[in-house]
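The data block below is upload.txt; it holds compact mmCIF, C-alpha atoms and all ligand atoms.
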```txt
# COMPACT_ATOMS: atom_id res chain seq x y z
CA MET P 64 16.41 3.27 -1.53
CA ASN P 65 16.41 -0.45 -0.62
CA VAL P 66 15.99 -3.23 -3.16
CA PHE P 67 14.85 -6.74 -2.25
CA GLU P 68 13.85 -9.89 -4.11
CA THR P 69 11.15 -12.27 -2.94
CA HIS P 70 10.35 -15.70 -4.31
CA SER P 71 6.91 -16.40 -2.86
CA ALA P 72 3.88 -14.59 -1.51
CA GLU P 73 4.98 -15.61 2.01
CA GLU P 74 8.36 -13.96 1.52
CA THR P 75 6.65 -10.76 0.40
CA THR P 76 4.41 -10.81 3.47
CA ASP P 77 7.49 -11.34 5.66
CA LEU P 78 9.20 -8.41 4.01
CA GLY P 79 6.09 -6.32 4.64
CA ARG P 80 6.30 -7.13 8.36
CA ARG P 81 9.85 -5.80 8.40
CA LEU P 82 9.21 -2.74 6.25
CA ALA P 83 6.28 -1.81 8.49
CA ARG P 84 8.75 -0.66 11.14
CA GLN P 85 10.22 1.87 8.75
CA LEU P 86 6.91 3.53 7.88
CA LYS P 87 6.29 6.74 9.72
CA PRO P 88 2.74 7.57 10.74
CA GLY P 89 1.22 10.71 9.30
CA GLY P 90 1.83 10.06 5.66
CA ILE P 91 1.16 8.37 2.39
CA VAL P 92 2.89 5.26 1.12
CA LEU P 93 2.45 4.63 -2.58
CA MET P 94 2.17 0.94 -3.45
CA ARG P 95 3.26 0.71 -7.08
CA GLY P 96 3.23 -2.15 -9.53
CA ASP P 97 1.13 -3.92 -12.16
CA LEU P 98 -1.90 -6.05 -11.36
CA GLY P 99 -0.72 -9.18 -9.61
CA ALA P 100 2.68 -7.72 -8.75
CA GLY P 101 2.00 -8.34 -5.07
CA LYS P 102 0.96 -4.96 -3.64
CA THR P 103 -1.93 -6.34 -1.61
CA THR P 104 0.22 -9.27 -0.49
CA MET P 105 2.75 -6.76 0.82
CA VAL P 106 0.01 -4.87 2.67
CA LYS P 107 -0.89 -8.11 4.50
CA GLY P 108 2.59 -8.10 6.02
CA ILE P 109 2.57 -4.40 6.79
CA ALA P 110 -0.77 -4.77 8.60
CA GLU P 111 0.63 -7.63 10.68
CA GLY P 112 3.84 -5.74 11.37
CA LEU P 113 1.81 -2.90 12.86
CA GLN P 114 -0.44 -5.33 14.76
CA ALA P 115 -3.36 -3.88 12.87
CA ALA P 116 -4.68 -7.10 11.29
CA ASP P 117 -3.87 -10.74 10.64
CA ALA P 118 -2.57 -11.26 7.12
CA GLY P 119 -5.51 -13.53 6.35
CA ASP P 120 -7.96 -10.76 7.14
CA VAL P 121 -6.43 -8.31 4.67
CA THR P 122 -8.20 -8.42 1.31
CA SER P 123 -8.02 -6.23 -1.76
CA PRO P 124 -10.05 -3.04 -1.58
CA THR P 125 -10.57 -3.11 -5.36
CA PHE P 126 -14.33 -2.77 -5.02
CA THR P 127 -14.68 -1.37 -1.52
CA LEU P 128 -11.90 1.17 -2.27
CA ILE P 129 -10.84 1.72 1.35
CA HIS P 130 -10.13 -0.77 4.14
CA GLU P 131 -9.27 0.30 7.67
CA TYR P 132 -7.05 -1.70 10.04
CA ARG P 133 -6.58 -0.37 13.55
CA GLY P 134 -3.41 -1.14 15.41
CA PRO P 135 -2.43 -0.13 18.95
CA GLU P 136 -0.35 2.78 17.71
CA VAL P 137 -1.21 3.28 14.09
CA THR P 138 -4.33 2.93 11.98
CA LEU P 139 -3.73 1.76 8.43
CA TYR P 140 -5.89 2.72 5.50
CA HIS P 141 -5.46 0.47 2.49
CA ILE P 142 -6.79 2.25 -0.57
CA ASP P 143 -7.06 1.05 -4.17
CA LEU P 144 -7.54 3.73 -6.81
CA TYR P 145 -7.50 1.31 -9.78
CA ARG P 146 -11.14 2.04 -10.55
CA ILE P 147 -10.94 5.77 -9.81
CA ASP P 148 -10.27 7.86 -12.89
CA THR P 149 -11.42 11.40 -12.31
CA GLN P 150 -10.73 14.07 -9.73
CA ARG P 151 -14.45 14.10 -8.93
CA GLU P 152 -14.49 10.41 -8.13
CA LEU P 153 -11.39 10.87 -6.03
CA ASP P 154 -13.00 13.74 -4.13
CA THR P 155 -15.92 11.52 -3.13
CA LEU P 156 -13.47 9.34 -1.19
CA ALA P 157 -12.49 12.33 0.98
CA LEU P 158 -9.03 10.94 1.59
CA ASP P 159 -7.99 14.22 3.22
CA ASP P 160 -10.27 13.32 6.10
CA LEU P 161 -8.14 10.22 6.70
CA MET P 162 -4.90 12.17 7.03
CA ASP P 163 -3.80 12.17 10.66
CA GLU P 164 -0.54 11.93 12.56
CA LYS P 165 -1.53 8.44 13.74
CA HIS P 166 -2.61 7.15 10.35
CA ILE P 167 -0.76 5.66 7.42
CA LEU P 168 -2.39 5.62 3.99
CA LEU P 169 -1.19 2.75 1.80
CA ILE P 170 -2.38 3.62 -1.71
CA GLU P 171 -2.41 1.28 -4.71
CA TRP P 172 -2.52 3.13 -8.07
CA GLY P 173 -2.07 6.45 -6.26
CA GLU P 174 0.48 7.56 -8.86
CA LYS P 175 -2.45 8.08 -11.26
CA PHE P 176 -2.94 11.37 -9.45
CA ASP P 177 -0.07 13.89 -9.45
CA ARG P 178 -0.87 14.99 -5.98
CA PHE P 179 -0.10 11.62 -4.40
CA ALA P 180 3.02 11.21 -6.50
CA ARG P 181 4.21 14.54 -5.08
CA GLU P 182 3.06 14.16 -1.48
CA ARG P 183 4.00 10.57 -0.80
CA ASP P 184 6.38 9.97 2.11
CA ALA P 185 7.48 6.57 0.94
CA GLU P 186 7.02 4.25 -1.97
CA ILE P 187 7.04 0.47 -2.29
CA ALA P 188 7.37 -0.58 -5.93
CA MET P 189 6.81 -4.22 -6.92
CA GLU P 190 7.92 -5.78 -10.18
CA HIS P 191 7.28 -9.19 -11.68
CA LEU P 192 10.51 -11.01 -12.46
CA GLY P 193 8.74 -14.09 -13.83
CA GLY P 194 7.13 -16.95 -11.92
CA ASP P 195 6.90 -16.16 -8.23
CA ASP P 196 9.89 -13.84 -8.23
CA ARG P 197 9.37 -10.18 -7.45
CA ARG P 198 11.66 -7.19 -7.06
CA VAL P 199 10.65 -4.83 -4.29
CA THR P 200 12.06 -1.31 -4.16
CA PHE P 201 11.48 0.67 -0.99
CA THR P 202 12.09 4.42 -1.15
CA ASP P 203 11.54 6.93 1.65
P1 LIG U 1 -1.64 -6.67 -6.58
O1 LIG U 1 -2.27 -6.10 -5.35
O2 LIG U 1 -0.33 -6.02 -6.92
O3 LIG U 1 -2.57 -6.68 -7.76
P2 LIG U 1 -1.81 -9.21 -5.22
O4 LIG U 1 -0.99 -9.12 -4.00
O5 LIG U 1 -3.28 -9.08 -5.08
O6 LIG U 1 -1.25 -8.18 -6.30
O7 LIG U 1 -1.56 -10.57 -5.96
C1 LIG U 1 -0.29 -11.13 -6.14
C2 LIG U 1 -0.46 -12.59 -6.53
O8 LIG U 1 0.80 -13.16 -6.86
C3 LIG U 1 -1.03 -13.41 -5.40
O9 LIG U 1 -1.86 -14.41 -5.96
C4 LIG U 1 0.22 -14.02 -4.78
O10 LIG U 1 -0.04 -15.25 -4.13
C5 LIG U 1 1.08 -14.26 -6.01
N1 LIG U 1 2.53 -14.26 -5.75
C6 LIG U 1 3.40 -15.19 -6.19
N2 LIG U 1 4.66 -14.91 -5.84
C7 LIG U 1 4.60 -13.74 -5.15
C8 LIG U 1 5.59 -12.92 -4.54
N3 LIG U 1 6.90 -13.22 -4.59
N4 LIG U 1 5.18 -11.80 -3.93
C9 LIG U 1 3.86 -11.47 -3.91
N5 LIG U 1 2.88 -12.18 -4.47
C10 LIG U 1 3.24 -13.32 -5.09
MG MG U 2 -4.05 -5.09 -4.99
```
What does the file become when written as structure tokens?
Amino acid sequence: MNVFETHSAEETTDLGRRLARQLKPGGIVLMRGDLGAGKTTMVKGIAEGLQAADAGDVTSPTFTLIHEYRGPEVTLYHIDLYRIDTQRELDTLALDDLMDEKHILLIEWGEKFDRFARERDAEIAMEHLGGDDRRVTFTD
């Protein structure tokens, strides 16, 4: 487990670039934290770190639910389950079809479903510390 503190959105994106190197393809990374904690901001950095997208092109999949970013080695799927409440709704997303040894699934609000809490390979938890300060806990 690694604990970091960031003091701006830019610092969180920078940290995401560095953490990207520690993410192994083939699995699920749970992105945990309240609304506005900085999960999507972190994904911007991860996407850049994997050369899958420019930070400015990464937006929240709150309504679209799944965004895909293809890098040279790894394809990232950024998924937001905030609006998904039932197993049936989850099934319609067919996330199993996205599982692949060259893919990484970054899931916001994935802990709502036991299965993802159990099967996750790594977890990035973000906490508000007031103002622009955030604590980031990386577990793998
Ligand atoms: P989430 O996906 O967790 O709901 P977002 O990344 O969409 O959160 O939003 C976080 C908001 O907080 C953004 O407006 C971002 O600019 C701002 N922010 C301020 N300080 C930080 C920080 N240290 N880390 C991440 N985001 C920050
Ligand atoms: Mg978000």
Inset, instruction - Name all residues at most 9 Å from stretch 196-200 of chain P (count only C-alpha atoms; drop same-chain ones fewer than 4 positions away) and give them as a PyMOL selection string. - result: chain P and resi 64-71+75+100-101+186-192
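Minimum atom-to-atom distances from P:Lys165, P:Lys175, P:Arg81, P:Arg95 to ligand LIG 1 (chain U) were compared using all atoms listed in the file, and the lowest value belongs to P:Arg95.
If you measure from each of P:Leu139, P:Leu98, P:Leu86, P:Ile147 to ligand LIG 1 (chain U) using all atoms listed in the file, the closest one turns out to be P:Leu98.
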Inset, instruction - Can you pull out every residue within 9 Å of P:Phe179, counting all atoms listed in the file, but drop anything in the same chain fewer than 6 positions away, and send it as a PyMOL selection string? - result: chain P and resi 91-93+170+173
Inset, instruction - Please give me, as a PyMOL selection string, the residues lying within 8 Å of ligand MG 2 (chain U) when counting all atoms listed in the file. - result: chain P and resi 98-99+101-104+123-125+143+171
Output file for the selection above: C-alpha atoms, as a PDB file, in the frame of the given file:
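Listed below is the output, again00.pdb:
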```pdb
ATOM      1  CA  LEU P  98      -1.900  -6.050 -11.360  1.00  0.00           C
ATOM      2  CA  GLY P  99      -0.720  -9.180  -9.610  1.00  0.00           C
ATOM      3  CA  GLY P 101       2.000  -8.340  -5.070  1.00  0.00           C
ATOM      4  CA  LYS P 102       0.960  -4.960  -3.640  1.00  0.00           C
ATOM      5  CA  THR P 103      -1.930  -6.340  -1.610  1.00  0.00           C
ATOM      6  CA  THR P 104       0.220  -9.270  -0.490  1.00  0.00           C
ATOM      7  CA  SER P 123      -8.020  -6.230  -1.760  1.00  0.00           C
ATOM      8  CA  PRO P 124     -10.050  -3.040  -1.580  1.00  0.00           C
ATOM      9  CA  THR P 125     -10.570  -3.110  -5.360  1.00  0.00           C
ATOM     10  CA  ASP P 143      -7.060   1.050  -4.170  1.00  0.00           C
ATOM     11  CA  GLU P 171      -2.410   1.280  -4.710  1.00  0.00           C
TER      12      GLU P 171
END
```
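Proximity to P:Asp97 was assessed for P:Glu174, P:Leu128, P:Glu136, P:Leu161 counting only C-alpha atoms; the smallest distance is recorded for P:Glu174.
Across the model, the gap from atom CA of P:Gly90 to atom CA of P:Ala157 is 15.2 Å.
Between atom CA of P:Arg80 and atom CA of P:Glu111 the interatomic distance comes to 6.1 Å.
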Inset, instruction - Could you tell me which of P:Leu153, P:Tyr140, P:Gln85, P:Val121 comes closest to ligand LIG 1 (chain U) if we count only C-alpha atoms and all ligand atoms? - result: P:Val121
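Between atom P2 of ligand LIG 1 (chain U) and atom CA of P:Ala116 the interatomic distance comes to 16.9 Å.
The closest residue to ligand LIG 1 (chain U), picked from P:Ala118, P:Arg133, P:Gly112, P:Gly89 and counting all atoms listed in the file, is P:Ala118.
Of the residues listed (P:Glu182, P:Asp120, P:Glu74, P:Asp154), P:Glu74 shows the shortest atom-to-atom separation from ligand LIG 1 (chain U); distances use all atoms listed in the file.
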Legend entry - Shell of 8 Å around P:Met105, all atoms listed in the file, local chain residues under 6 positions omitted, as a ChimeraX atom specification: /P:75-76,78-79
